[in-house]
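*Asks:* Just passing along the structure, written as structure tokens.
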Amino acid sequence: MKEYDPAIAVQTQSLVKKYHGQAVLRGVSLSIPRGGIFGLLGPNGAGKTTLLKTLAGLVRPTSGTLAIFGQEVKGPDPAMRRLVGLIPQDNNLERELSVEEALLVYGRLFGLKRVKDTVAKTMERFSLMDIRHKQVRTLSGGMMRRVLIARTLLADPELILLDEPTVGLDPDVRQSIWDIMQSLQEAGKTLVFTTHYMEEAERLCDHIAILQQGTLFFSNTKEQLQARIGMEVRDLENLFIELARNGGSSDGVLCRL
Amino acid sequence: MGFYAVYSRELLLLRKKIGRMGYVFSSVISPFIYLFAFGYGLGNRIEITGGYLPFLAGGIIGVTVMINAFQQTASSISAGKFYYHVFQSLVLSPVRSGSVIAGIIAAGMVRALFFGSLIFIMAQLVFQVNGSILLFLFGALLGSFCFSALGVIVGLLVRHPDDIAFVNNFLIMPMTFFGGSFFPVQSLPTWMQYMVGLFPIGALNHLLRGQQWDFEMWLAASLLLGLGIVFFAVGVYLYRQYSE
């Protein structure tokens with residue numbers, strides 16, 4: 001039986017996911033250290049969301065292995081579900097419920113003790129008290145994202161997966177989400193997030209992975225990436241444009257990675 | 001604990017739906033029309049021991065239980081998968097697979113019992129049909145368990161929301177009209193009688209129309225319970241294989 005290092009938050013080995021014979025993930029081998037912010041970058045259709053959902057347990061890989069905090073994941077495992085929290089890009093809250101009801105339902109699913117108190121504290125922490133009786137369907141995009149984050153953090157997961165957490169949000173809401181992410185990192189949590197915003201990656205990440213057409217081209221520290229491609233991290237924007245143009249070929253900047 | 005969390009979530013969502021104007025009315029209007037139209041339209045032409053109206057009432061209650069139990073679980077899962085992604089909340093939770101499926105089925109049973117009871121009461125009040133409350137409860141419990149569990153399987157298997165309509169047309173609709181709800185299956189050709197004898201709605205109708213406990217009643221109850229357990233086990237297996 002293969003040994004996994006519990007000091008590593010996520011280890012994947014040759015992870016493949018196919019839909020109707022089409023590979024979306026093509027042998028992704030990745031190691032995400034515990035207690036940092038890990039950015040998963042890549043153009044649209046690169047497989048970022050599929051990889052994130054695979055780590056969360058929503059997508060079953062076609063082949064390959066996955067270990068979370070040293071434990072190999074082989075199927076639905078209640079203990080593992082408590083360790084991992086996913087904040088999806090799309091709203092998956094129950095639209096008919098109020099904010100408070102949605103949080104209570106989630107807390108009960110996680111078997112939280114004194115769930116009402118925990119929900120009340122979480123609502124205060126995320127400034128949701130004023131909208132607690134509002135129906136989820138009536139919330140703005142920014143509010144919805146805050147509720148989604150609050151809901152996931154109710155269960156206090158160790159590994160937090162965020163799928164494009166700031167996409168389509170106002171600058172001030174984006175800033176507040178960055179603050180939350182940084183405070184979670186300071187609390188020792190491991191965060192993995194996907195993004196299109198290079199500014200976000202530069203500001204938050206200490207490790208970066210670049211995914212293109214389901215293949216992992218690079219995974220290392222931000223500084224390593226900078227050294228390898230010989231440009232400022234903010235110039236990742238150019239790297240992305242080149243990636244998109246080349247369709248992930250090894251020409252151009254990718255051969256430097 | 002996990003079972004109760006899932007069950008109360010499903011019930012809360014159901015309560016919100018029932019609270020909406022017209023939801024209850026639109027759910028009971030079809031069975032009421034069937035009861036009224038078939039009861040008065042065909043009542044004099046069909047000779048059945050005990051009268052056609054009590055026979056029809058048992059069948060309509062059976063159909064109401066079947067449709068509500070099946071739709072509640074099949075729609076809850078498929079809509080949660082395709083439209084609102086709320087099914088992810090269950091998959092990502094630490095609740096064990098068996099408890100998730102049991103909680104969803106139990107909520108389907110509550111909806112079926114609620115609407116079945118409304119038709120049962122209506123049949124007694126409006127059409128003066130006398131039926132045993134105990135037999136109704138026993139039959140409706142077993143029937144709703146069986147059809148809720150079947151709805152779970154369908155909800156988990158469908159790959160597109162339209163697939164539910166396909167199942168309705170090719171499974172629920174034939175069971176509704178050929179399962180002995182509106183007329184005795186003895187009116188059908190012999191080969192068809194054998195076929196519809198396999199429909200669980202037939203067993204449910206038998207229980208709902210029963211007068212006394214005999215071997216056939218136990219057989220009908222065992223069939224619904226047995227099928228329900230098999231459907232439940234298949235539902236748990238499919239849930240464990242769930243992948244987006």
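The way I read the labels, and the way they are meant: chains A, B, ... in the order of the structure tokens, residue 1 as the first residue of every chain, and ligand 1 as the first ligand shown, with later ones counted on from there.
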Set the cut-off to 8 Å and count only C-alpha atoms: what are the residues of chain A that reach chain B? Output as a ChimeraX atom specification.

*Replies:* /A:56-60,75-82,85-86,91-94,96-97,105-106,108-111

*Asks:* With only C-alpha atoms as the basis for distance, which of A:Ala155, A:Leu66, A:Leu148, A:Met198 is at the shortest distance from Gly107 (chain A)?

*Replies:*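 With only C-alpha atoms as the atom set, the closest residue is A:Ala155.
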
*Asks:* Mind checking which residues fall within 10 Å of Glu216 (chain B), counting only C-alpha atoms, ignoring those fewer than 6 positions away in the same chain, and posting them as a PyMOL selection string?

*Replies:* chain B and resi 203+206-207+210+222

*Asks:* Enter the distance from CA of Leu135 (chain B) to CA of Gln211 (chain B), in Å, rounded to one decimal.

*Replies:*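 Computed distance, CA of Leu135 (chain B) to CA of Gln211 (chain B), equals 8.5 Å.
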
*Asks:* Quick one: DSSP helix (DSSP H, G or I) residues in region 13-203 of chain B, as a VMD selection string?

*Replies:* chain B and resid 13 to 19 23 to 42 52 to 82 87 to 91 97 to 126 133 to 157 162 to 178 185 to 187 190 to 196 200 to 203

*Asks:* List as an NGL selection string the protein and nucleic acid residues near Ala221 (chain B), meaning an atom at most 12 Å away when only C-alpha atoms are counted, but skip any in the same chain fewer than 3 places from it.

*Replies:* :B and (135 or 138-146 or 200-208 or 210 or 213-218 or 224-228)

*Asks:* Could you write out that same residue set with N, CA and C atoms as a PDB file, in the first residue's frame?

*Replies:*
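Generated output (selection-v8.pdb):
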ATOM      1  N   LEU B 135     -56.137   0.454   7.003  1.00  0.00           N
ATOM      2  CA  LEU B 135     -55.679  -0.133   5.747  1.00  0.00           C
ATOM      3  C   LEU B 135     -55.105   0.938   4.822  1.00  0.00           C
ATOM      4  N   PHE B 138     -51.631   1.775   6.199  1.00  0.00           N
ATOM      5  CA  PHE B 138     -50.700   0.673   5.967  1.00  0.00           C
ATOM      6  C   PHE B 138     -50.308   0.613   4.479  1.00  0.00           C
ATOM      7  N   GLY B 139     -51.322   0.654   3.617  1.00  0.00           N
ATOM      8  CA  GLY B 139     -51.065   0.583   2.176  1.00  0.00           C
ATOM      9  C   GLY B 139     -50.279   1.791   1.688  1.00  0.00           C
ATOM     10  N   ALA B 140     -50.696   2.972   2.151  1.00  0.00           N
ATOM     11  CA  ALA B 140     -50.034   4.196   1.689  1.00  0.00           C
ATOM     12  C   ALA B 140     -48.579   4.237   2.169  1.00  0.00           C
ATOM     13  N   LEU B 141     -48.315   3.751   3.370  1.00  0.00           N
ATOM     14  CA  LEU B 141     -46.933   3.724   3.877  1.00  0.00           C
ATOM     15  C   LEU B 141     -46.058   2.820   3.020  1.00  0.00           C
ATOM     16  N   LEU B 142     -46.523   1.605   2.786  1.00  0.00           N
ATOM     17  CA  LEU B 142     -45.728   0.661   1.998  1.00  0.00           C
ATOM     18  C   LEU B 142     -45.596   1.124   0.544  1.00  0.00           C
ATOM     19  N   GLY B 143     -46.715   1.594  -0.015  1.00  0.00           N
ATOM     20  CA  GLY B 143     -46.692   2.044  -1.409  1.00  0.00           C
ATOM     21  C   GLY B 143     -45.791   3.243  -1.591  1.00  0.00           C
ATOM     22  N   SER B 144     -45.889   4.205  -0.667  1.00  0.00           N
ATOM     23  CA  SER B 144     -45.059   5.409  -0.815  1.00  0.00           C
ATOM     24  C   SER B 144     -43.580   5.073  -0.620  1.00  0.00           C
ATOM     25  N   PHE B 145     -43.287   4.114   0.250  1.00  0.00           N
ATOM     26  CA  PHE B 145     -41.888   3.685   0.426  1.00  0.00           C
ATOM     27  C   PHE B 145     -41.355   3.126  -0.895  1.00  0.00           C
ATOM     28  N   CYS B 146     -42.135   2.239  -1.502  1.00  0.00           N
ATOM     29  CA  CYS B 146     -41.726   1.585  -2.744  1.00  0.00           C
ATOM     30  C   CYS B 146     -41.519   2.618  -3.869  1.00  0.00           C
ATOM     31  N   PRO B 200     -46.195  -2.707  -9.310  1.00  0.00           N
ATOM     32  CA  PRO B 200     -46.417  -2.535  -7.860  1.00  0.00           C
ATOM     33  C   PRO B 200     -47.690  -1.749  -7.536  1.00  0.00           C
ATOM     34  N   ILE B 201     -48.183  -0.949  -8.486  1.00  0.00           N
ATOM     35  CA  ILE B 201     -49.423  -0.198  -8.216  1.00  0.00           C
ATOM     36  C   ILE B 201     -50.583  -1.170  -7.989  1.00  0.00           C
ATOM     37  N   GLY B 202     -50.531  -2.341  -8.639  1.00  0.00           N
ATOM     38  CA  GLY B 202     -51.572  -3.339  -8.451  1.00  0.00           C
ATOM     39  C   GLY B 202     -51.618  -3.811  -6.999  1.00  0.00           C
ATOM     40  N   ALA B 203     -50.426  -4.037  -6.433  1.00  0.00           N
ATOM     41  CA  ALA B 203     -50.335  -4.472  -5.034  1.00  0.00           C
ATOM     42  C   ALA B 203     -50.840  -3.370  -4.103  1.00  0.00           C
ATOM     43  N   LEU B 204     -50.491  -2.128  -4.452  1.00  0.00           N
ATOM     44  CA  LEU B 204     -50.936  -1.002  -3.621  1.00  0.00           C
ATOM     45  C   LEU B 204     -52.468  -0.873  -3.666  1.00  0.00           C
ATOM     46  N   ASN B 205     -53.029  -0.975  -4.877  1.00  0.00           N
ATOM     47  CA  ASN B 205     -54.492  -0.904  -5.010  1.00  0.00           C
ATOM     48  C   ASN B 205     -55.170  -2.015  -4.212  1.00  0.00           C
ATOM     49  N   HIS B 206     -54.553  -3.199  -4.272  1.00  0.00           N
ATOM     50  CA  HIS B 206     -55.125  -4.347  -3.558  1.00  0.00           C
ATOM     51  C   HIS B 206     -55.193  -4.071  -2.055  1.00  0.00           C
ATOM     52  N   LEU B 207     -54.119  -3.477  -1.527  1.00  0.00           N
ATOM     53  CA  LEU B 207     -54.094  -3.160  -0.093  1.00  0.00           C
ATOM     54  C   LEU B 207     -55.123  -2.084   0.250  1.00  0.00           C
ATOM     55  N   LEU B 208     -55.204  -1.069  -0.608  1.00  0.00           N
ATOM     56  CA  LEU B 208     -56.112   0.050  -0.318  1.00  0.00           C
ATOM     57  C   LEU B 208     -57.587  -0.356  -0.420  1.00  0.00           C
ATOM     58  N   GLY B 210     -58.614  -3.472   0.236  1.00  0.00           N
ATOM     59  CA  GLY B 210     -58.804  -4.691   1.036  1.00  0.00           C
ATOM     60  C   GLY B 210     -59.893  -4.550   2.096  1.00  0.00           C
ATOM     61  N   TRP B 213     -57.810  -9.272   6.156  1.00  0.00           N
ATOM     62  CA  TRP B 213     -56.441  -9.756   5.983  1.00  0.00           C
ATOM     63  C   TRP B 213     -56.464 -11.202   5.515  1.00  0.00           C
ATOM     64  N   ASP B 214     -56.009 -11.414   4.288  1.00  0.00           N
ATOM     65  CA  ASP B 214     -55.898 -12.781   3.787  1.00  0.00           C
ATOM     66  C   ASP B 214     -54.517 -12.938   3.144  1.00  0.00           C
ATOM     67  N   PHE B 215     -54.305 -14.086   2.553  1.00  0.00           N
ATOM     68  CA  PHE B 215     -52.994 -14.378   1.967  1.00  0.00           C
ATOM     69  C   PHE B 215     -52.610 -13.343   0.903  1.00  0.00           C
ATOM     70  N   GLU B 216     -53.583 -12.945   0.090  1.00  0.00           N
ATOM     71  CA  GLU B 216     -53.301 -11.996  -0.994  1.00  0.00           C
ATOM     72  C   GLU B 216     -52.889 -10.628  -0.466  1.00  0.00           C
ATOM     73  N   MET B 217     -53.478 -10.270   0.664  1.00  0.00           N
ATOM     74  CA  MET B 217     -53.095  -8.980   1.266  1.00  0.00           C
ATOM     75  C   MET B 217     -51.639  -9.027   1.733  1.00  0.00           C
ATOM     76  N   TRP B 218     -51.270 -10.132   2.373  1.00  0.00           N
ATOM     77  CA  TRP B 218     -49.890 -10.275   2.830  1.00  0.00           C
ATOM     78  C   TRP B 218     -48.930 -10.314   1.642  1.00  0.00           C
ATOM     79  N   LEU B 224     -44.618  -4.998  -2.055  1.00  0.00           N
ATOM     80  CA  LEU B 224     -44.258  -3.577  -1.949  1.00  0.00           C
ATOM     81  C   LEU B 224     -43.036  -3.375  -1.053  1.00  0.00           C
ATOM     82  N   LEU B 225     -43.025  -4.095   0.070  1.00  0.00           N
ATOM     83  CA  LEU B 225     -41.892  -3.971   0.993  1.00  0.00           C
ATOM     84  C   LEU B 225     -40.613  -4.488   0.341  1.00  0.00           C
ATOM     85  N   GLY B 226     -40.721  -5.662  -0.291  1.00  0.00           N
ATOM     86  CA  GLY B 226     -39.546  -6.274  -0.930  1.00  0.00           C
ATOM     87  C   GLY B 226     -38.996  -5.392  -2.031  1.00  0.00           C
ATOM     88  N   LEU B 227     -39.886  -4.906  -2.896  1.00  0.00           N
ATOM     89  CA  LEU B 227     -39.430  -4.026  -3.983  1.00  0.00           C
ATOM     90  C   LEU B 227     -38.817  -2.751  -3.413  1.00  0.00           C
ATOM     91  N   GLY B 228     -39.473  -2.206  -2.382  1.00  0.00           N
ATOM     92  CA  GLY B 228     -38.960  -0.979  -1.753  1.00  0.00           C
ATOM     93  C   GLY B 228     -37.545  -1.186  -1.224  1.00  0.00           C
TER      94      GLY B 228
END

*Asks:* Residues at most 10 Å from region 123-127 of chain B, counting only C-alpha atoms, excluding those fewer than 6 positions away in the same chain, as a PyMOL selection string?

*Replies:* chain B and resi 32+35-36+39+53-54+56-58+60-61+117

*Asks:* Could you please write out, as a ChimeraX atom specification, every residue of region 6-253 of chain A that DSSP assigns to strand (DSSP E or B)?

*Replies:* /A:8-19,22-33,37-41,63-68,71-72,84-87,98,135,159-163,190-195,207-212,215-221

*Asks:* Measure the distance from CA of Arg15 (chain B) to CA of Gln135 (chain A) in Å and round it to one decimal.

*Replies:*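 Rounded to one decimal, the two atoms are 14.6 Å apart.
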
*Asks:* For Asp162 (chain B), list every protein, DNA or RNA residue within 12 Å, evaluated using only C-alpha atoms, and leave out those in the same chain fewer than 3 positions away; present the list as a list of chain:residue names.

*Replies:* B:Ala74, B:Ser75, B:Ser78, B:Ala79, B:Phe82, B:Val154, B:Gly155, B:Val158, B:Arg159, B:Ala165, B:Phe166, B:Val167, B:Asn168, B:Asn169

*Asks:* Residues within 6 Å of region 162-176 of chain A, please, as a list in words. Count only C-alpha atoms; anything in the same chain fewer than 2 positions from it doesn't count.

*Replies:*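 Residues meeting the cut-off are Ile87, Pro88, Gln89, Gly142, Trp178, Asp179, Phe193, Thr194 and Thr195 of chain A.
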
*Asks:* Kindly export the residues of the current selection with C-alpha atoms, as a PDB file, in the first residue's frame.

*Replies:*
ATOM      1  CA  ILE A  87     -17.082  27.043  -2.328  1.00  0.00           C
ATOM      2  CA  PRO A  88     -18.475  26.674  -5.837  1.00  0.00           C
ATOM      3  CA  GLN A  89     -18.559  29.321  -8.512  1.00  0.00           C
ATOM      4  CA  GLY A 142     -21.693  39.551  -3.861  1.00  0.00           C
ATOM      5  CA  TRP A 178      -9.327  38.373  -0.249  1.00  0.00           C
ATOM      6  CA  ASP A 179      -9.271  39.455   3.397  1.00  0.00           C
ATOM      7  CA  PHE A 193      -8.519  28.391  -5.591  1.00  0.00           C
ATOM      8  CA  THR A 194      -8.984  28.838  -9.297  1.00  0.00           C
ATOM      9  CA  THR A 195      -8.811  32.245 -10.873  1.00  0.00           C
TER      10      THR A 195
END
